[in-house]
>>> print(open('model-v9.cif').read())   # mmCIF, C-alpha atoms
data_data
loop_
_atom_site.label_atom_id
_atom_site.label_comp_id
_atom_site.auth_asym_id
_atom_site.auth_seq_id
_atom_site.Cartn_x
_atom_site.Cartn_y
_atom_site.Cartn_z
CA MET T 89 112.95 111.70 102.99
CA ALA T 90 110.79 111.44 99.87
CA LYS T 91 112.43 110.60 96.58
CA TYR T 92 111.01 113.70 94.90
CA SER T 93 110.40 117.04 96.57
CA TYR T 94 107.08 118.82 96.56
CA GLU T 95 108.55 121.48 94.23
CA GLN T 96 109.74 118.87 91.74
CA LYS T 97 106.31 117.23 91.65
CA ILE T 98 104.59 120.59 91.09
CA GLN T 99 107.06 121.47 88.33
CA VAL T 100 106.36 118.22 86.49
CA VAL T 101 102.58 118.37 86.93
CA LEU T 102 102.38 121.99 85.77
CA GLU T 103 104.46 121.19 82.68
CA ILE T 104 101.87 118.58 81.72
CA VAL T 105 98.74 120.50 82.73
CA GLU T 106 99.88 123.59 80.82
CA GLY T 107 100.56 121.43 77.75
CA ARG T 108 104.30 122.07 77.49
CA GLN T 109 105.36 118.44 78.07
CA SER T 110 104.01 114.91 77.76
CA VAL T 111 103.86 112.55 80.74
CA ASN T 112 107.03 110.74 79.65
CA SER T 113 109.09 113.81 78.83
CA ALA T 114 108.00 115.74 81.94
CA GLY T 115 109.02 112.86 84.17
CA SER T 116 112.41 112.65 82.53
CA ILE T 117 113.15 116.21 83.70
CA ILE T 118 113.66 114.90 87.24
CA GLY T 119 114.18 111.21 86.48
CA ALA T 120 110.69 110.08 87.51
CA CYS T 121 108.98 107.10 85.92
CA LYS T 122 105.70 107.35 84.04
CA GLY T 123 103.74 105.66 86.85
CA ASP T 124 104.86 108.23 89.43
CA VAL T 125 103.96 111.10 87.13
CA GLN T 126 100.52 109.62 86.44
CA LYS T 127 99.95 109.23 90.18
CA TRP T 128 100.88 112.89 90.77
CA LEU T 129 98.54 113.99 87.97
CA LYS T 130 95.63 112.06 89.47
CA LEU T 131 96.36 113.50 92.91
CA TYR T 132 96.56 116.99 91.43
CA HIS T 133 93.27 116.64 89.53
CA GLU T 134 91.52 115.12 92.56
CA HIS T 135 92.91 117.31 95.38
CA GLY T 136 94.82 120.19 93.80
CA VAL T 137 98.36 121.09 94.82
CA GLU T 138 97.68 119.85 98.38
CA GLY T 139 97.34 116.34 96.94
CA LEU T 140 101.05 116.35 96.09
CA LEU T 141 102.13 116.66 99.72
CA MET T 142 103.18 113.30 101.14
CA LYS T 143 100.76 112.20 103.81
CA ARG T 144 101.44 109.17 105.90
CA GLY T 145 99.16 107.84 108.52
CA THR T 146 97.09 105.01 109.78
CA TYR T 147 93.59 104.32 108.59
CA ASP T 148 90.76 102.84 110.61
CA GLY T 149 88.82 99.81 109.50
CA GLU T 150 85.72 101.76 108.47
CA PHE T 151 87.80 103.93 106.13
CA LYS T 152 89.41 100.86 104.56
CA VAL T 153 86.04 99.19 103.99
CA ASN T 154 84.64 102.38 102.45
CA VAL T 155 87.63 102.64 100.11
CA ILE T 156 87.29 99.05 98.88
CA GLU T 157 83.52 99.24 98.46
CA TYR T 158 83.79 102.58 96.62
CA MET T 159 86.49 101.14 94.37
CA HIS T 160 84.29 98.22 93.35
CA ALA T 161 81.09 100.22 93.06
CA ASN T 162 82.80 102.64 90.66
CA GLN T 163 85.05 100.04 89.00
CA LEU T 164 88.26 101.96 89.73
CA SER T 165 91.83 100.70 89.68
CA ASN T 166 94.08 100.67 92.73
CA ARG T 167 95.88 103.79 91.44
CA GLU T 168 92.66 105.69 90.78
CA THR T 169 91.27 104.77 94.18
CA ALA T 170 94.47 105.76 95.98
CA ALA T 171 94.40 109.13 94.22
CA LYS T 172 90.71 109.65 95.01
CA PHE T 173 91.21 109.05 98.73
CA GLY T 174 94.69 110.61 99.01
CA ILE T 175 96.45 107.36 99.91
CA PRO T 176 100.14 107.82 99.03
CA SER T 177 100.81 104.23 97.94
CA HIS T 178 98.44 102.39 95.58
CA PRO T 179 99.71 98.92 96.61
CA THR T 180 98.17 99.65 100.01
CA VAL T 181 94.73 99.62 98.37
CA GLY T 182 95.58 96.29 96.73
CA GLN T 183 96.53 94.82 100.11
CA TRP T 184 93.26 96.00 101.64
CA GLU T 185 91.34 94.48 98.73
CA ARG T 186 93.11 91.13 99.14
CA ILE T 187 92.38 91.09 102.87
CA TYR T 188 88.75 92.08 102.23
CA TYR T 189 88.17 89.14 99.86
CA GLU T 190 90.37 86.50 101.50
CA GLU T 191 89.68 87.14 105.17
CA GLY T 192 86.47 89.12 105.15
CA ARG T 193 85.37 92.64 105.95
CA GLU T 194 86.14 92.32 109.68
CA ALA T 195 89.83 91.60 108.98
CA LEU T 196 90.30 95.25 107.90
CA PHE T 197 89.46 96.34 111.44
CA ARG T 198 92.43 94.44 112.93
CA ASP T 199 95.72 96.24 113.43
CA ALA T 200 98.14 93.64 112.09
CA ARG T 201 101.25 95.81 111.82
CA GLY T 202 104.47 94.88 113.59
CA ARG T 203 105.39 91.66 115.30
CA ASN T 204 103.02 88.91 116.25
CA LYS T 205 100.74 90.28 118.95
CA MET T 206 99.18 86.97 119.93
CA PRO T 207 99.07 86.48 123.67
CA LYS T 208 101.58 83.89 124.85
CA GLU T 209 98.95 81.49 126.11
CA SER T 210 97.24 81.25 122.69
CA ARG T 211 100.44 80.74 120.67
CA PRO T 212 101.05 77.19 119.52
CA LYS T 213 103.64 75.49 121.72
CA LYS T 214 106.58 73.54 120.38
CA PRO T 215 106.14 69.85 121.10
CA LYS T 216 108.43 68.61 123.86
CA LEU T 217 110.56 65.65 122.86
CA ASP T 218 111.13 62.68 125.09
CA LYS T 219 114.56 62.91 126.78
CA GLU T 220 115.68 59.65 125.16
CA VAL T 221 114.58 60.78 121.67
CA GLU T 222 116.39 64.09 122.12
CA GLU T 223 119.62 62.31 123.12
CA ASP T 224 119.34 60.00 120.10
CA LEU T 225 118.93 63.01 117.78
CA ILE T 226 121.97 64.73 119.30
CA ALA T 227 124.08 61.57 118.91
CA GLU T 228 122.96 61.11 115.30
CA ASN T 229 123.79 64.75 114.57
CA GLN T 230 127.31 64.27 115.96
CA ARG T 231 127.83 61.07 113.91
CA LEU T 232 126.75 62.86 110.74
CA LYS T 233 129.11 65.76 111.46
CA MET T 234 132.02 63.34 111.93
CA GLU T 235 131.12 61.48 108.74
CA ASN T 236 130.96 64.76 106.82
CA ALA T 237 134.38 65.85 108.16
CA TYR T 238 135.88 62.43 107.27
CA LEU T 239 134.56 62.61 103.70
CA LYS T 240 135.90 66.14 103.25
CA LYS T 241 139.35 65.10 104.47
CA LEU T 242 139.31 62.01 102.22
CA ASN T 243 138.34 64.15 99.23
CA ALA T 244 141.17 66.60 99.98
CA LEU T 245 143.72 63.74 100.19
CA VAL T 246 142.51 62.22 96.91
CA GLN T 247 142.74 65.60 95.17
CA GLU T 248 146.24 66.13 96.55
CA ARG T 249 147.32 62.71 95.28
CA VAL T 250 145.87 63.40 91.82
CA GLN T 251 147.70 66.71 91.63
CA ARG T 252 151.01 65.06 92.64
CA GLU T 253 150.60 62.35 89.98
CA ASN T 254 149.71 64.92 87.30
CA GLY T 255 152.72 66.99 88.29
CA LYS T 256 155.20 64.06 87.81
CA LYS T 257 154.14 63.38 84.21
#
>>> encode(input="model-v9.cif", output="structure tokens")
Amino acid sequence: MAKYSYEQKIQVVLEIVEGRQSVNSAGSIIGACKGDVQKWLKLYHEHGVEGLLMKRGTYDGEFKVNVIEYMHANQLSNRETAAKFGIPSHPTVGQWERIYYEEGREALFRDARGRNKMPKESRPKKPKLDKEVEEDLIAENQRLKMENAYLKKLNALVQERVQRENGKK
């Protein structure tokens, strides 16, 4: 469920548009931050009351490329671009922009959501250790565990002795 209902968003936006409230004071009516209210205003000015309805969905690569290129051609911020294209979350636009510049235009056409979808044969394989090396590592691990347990026990005995001596004085 969305944090703010459609009715709450409309109430806040209309308070501002009709000049009865400022952005800060209108948001405080329902406990919304200034950034949320500004986003709703941009959506309202760009798309009307329909812009305030939460829309979730997936976007194809061509749409993503068009959004990023439009953003840079018109020197818009992530928030302004998200409002223009009706994208509910402006950080999404920032992610697309990062991918566009770091990995290239084609990377926006990949569907990279969810778990790793690499086929098993192309995944890097863990190197197999020699049987003797593996046994040595297991033995060393056991020795270190024993050493750790010994030192803990020794520390406990020393602390107990110190407490007994401090108690006699």
>>> atom_distance(input="model-v9.cif", atom1="CA of Gly115 (chain T)", atom2="CA of Ser165 (chain T)")
21.8 Å
>>> resolve_selection(input="model-v9.cif", expression="the PyMOL selection byres ((chain T and resi 98) around 10)", output="ChimeraX atom specification")
/T:93-97,99-104,128-129,132,137,140-141
>>> atom_distance(input="model-v9.cif", atom1="CA of Pro179 (chain T)", atom2="CA of Asn112 (chain T)")
21.9 Å
>>> atom_distance(input="model-v9.cif", atom1="CA of Val105 (chain T)", atom2="CA of Lys127 (chain T)")
13.6 Å
>>> closest_residue(input="model-v9.cif", among="T:Ile175, T:Ala195, T:Ala237, T:Leu217", to="Gly139 (chain T)", atoms="all atoms listed in the file")
T:Ile175
>>> closest_residue(input="model-v9.cif", among="T:Asn162, T:Gln126, T:Ser116, T:Thr146", to="Phe197 (chain T)", atoms="only C-alpha atoms")
T:Thr146
>>> closest_atom_pairs(input="model-v9.cif", of="region 173-238 of chain T", to="region 148-155 of chain T", cutoff="8 Å", atoms="only C-alpha atoms", output="CSV")
residue,atom,partner,partner_atom,distance
T:Phe173,CA,T:Val155,CA,7.5
T:Val181,CA,T:Val155,CA,7.9
T:Trp184,CA,T:Lys152,CA,6.9
T:Tyr188,CA,T:Val153,CA,7.8
T:Arg193,CA,T:Val153,CA,6.9
T:Glu194,CA,T:Gly149,CA,8.0
T:Leu196,CA,T:Gly149,CA,5.1
T:Phe197,CA,T:Gly149,CA,4.0
T:Arg198,CA,T:Gly149,CA,7.3
>>> closest_residue(input="model-v9.cif", among="T:Ser110, T:Asn166, T:Asn236, T:Gln230", to="Thr180 (chain T)", atoms="all atoms listed in the file")
T:Asn166
>>> closest_residue(input="model-v9.cif", among="T:Glu248, T:Glu185, T:Lys213, T:Leu242", to="Glu157 (chain T)", atoms="all atoms listed in the file")
T:Glu185
>>> residues_around(input="model-v9.cif", residues="Arg167 (chain T)", least_positions_apart="3", cutoff="7 Å", atoms="all atoms listed in the file", output="compact mmCIF listing (two decimals) with C-alpha atoms, keeping the file's coordinate frame")
# COMPACT_ATOMS: atom_id res chain seq x y z
CA LYS T 127 99.95 109.23 90.18
CA ALA T 170 94.47 105.76 95.98
CA ALA T 171 94.40 109.13 94.22
CA HIS T 178 98.44 102.39 95.58
>>> build_atoms(input="model-v9.cif", residues="region 115-133 of chain T", atoms="N, CA and C atoms", output="tab-separated table (two decimals), keeping the file's coordinate frame")
chain	number	residue	atom	x	y	z
T	115	GLY	N	108.41	113.68	83.14
T	115	GLY	CA	109.02	112.86	84.17
T	115	GLY	C	110.52	112.76	84.01
T	116	SER	N	110.97	112.77	82.76
T	116	SER	CA	112.41	112.65	82.53
T	116	SER	C	113.17	113.89	82.99
T	117	ILE	N	112.50	115.00	83.20
T	117	ILE	CA	113.15	116.21	83.70
T	117	ILE	C	113.82	115.94	85.05
T	118	ILE	N	113.13	115.18	85.90
T	118	ILE	CA	113.66	114.90	87.24
T	118	ILE	C	113.99	113.42	87.44
T	119	GLY	N	113.85	112.63	86.38
T	119	GLY	CA	114.18	111.21	86.48
T	119	GLY	C	113.07	110.36	87.07
T	120	ALA	N	111.83	110.83	86.97
T	120	ALA	CA	110.69	110.08	87.51
T	120	ALA	C	110.11	109.17	86.44
T	121	CYS	N	109.59	108.03	86.87
T	121	CYS	CA	108.98	107.10	85.92
T	121	CYS	C	107.56	107.55	85.59
T	122	LYS	N	107.04	107.00	84.53
T	122	LYS	CA	105.70	107.35	84.04
T	122	LYS	C	104.62	107.10	85.09
T	123	GLY	N	104.74	105.99	85.83
T	123	GLY	CA	103.74	105.66	86.85
T	123	GLY	C	103.67	106.70	87.96
T	124	ASP	N	104.84	107.19	88.40
T	124	ASP	CA	104.86	108.23	89.43
T	124	ASP	C	104.19	109.50	88.92
T	125	VAL	N	104.52	109.87	87.70
T	125	VAL	CA	103.96	111.10	87.13
T	125	VAL	C	102.44	110.98	87.00
T	126	GLN	N	101.97	109.82	86.56
T	126	GLN	CA	100.52	109.62	86.44
T	126	GLN	C	99.84	109.71	87.80
T	127	LYS	N	100.50	109.16	88.82
T	127	LYS	CA	99.95	109.23	90.18
T	127	LYS	C	99.85	110.69	90.62
T	128	TRP	N	100.89	111.48	90.38
T	128	TRP	CA	100.88	112.89	90.77
T	128	TRP	C	99.78	113.65	90.03
T	129	LEU	N	99.60	113.33	88.75
T	129	LEU	CA	98.54	113.99	87.97
T	129	LEU	C	97.16	113.69	88.56
T	130	LYS	N	96.93	112.43	88.88
T	130	LYS	CA	95.63	112.06	89.47
T	130	LYS	C	95.42	112.77	90.80
T	131	LEU	N	96.47	112.80	91.62
T	131	LEU	CA	96.36	113.50	92.91
T	131	LEU	C	96.09	114.99	92.70
T	132	TYR	N	96.74	115.57	91.72
T	132	TYR	CA	96.56	116.99	91.43
T	132	TYR	C	95.13	117.26	90.96
T	133	HIS	N	94.63	116.44	90.04
T	133	HIS	CA	93.27	116.64	89.53
T	133	HIS	C	92.22	116.40	90.61
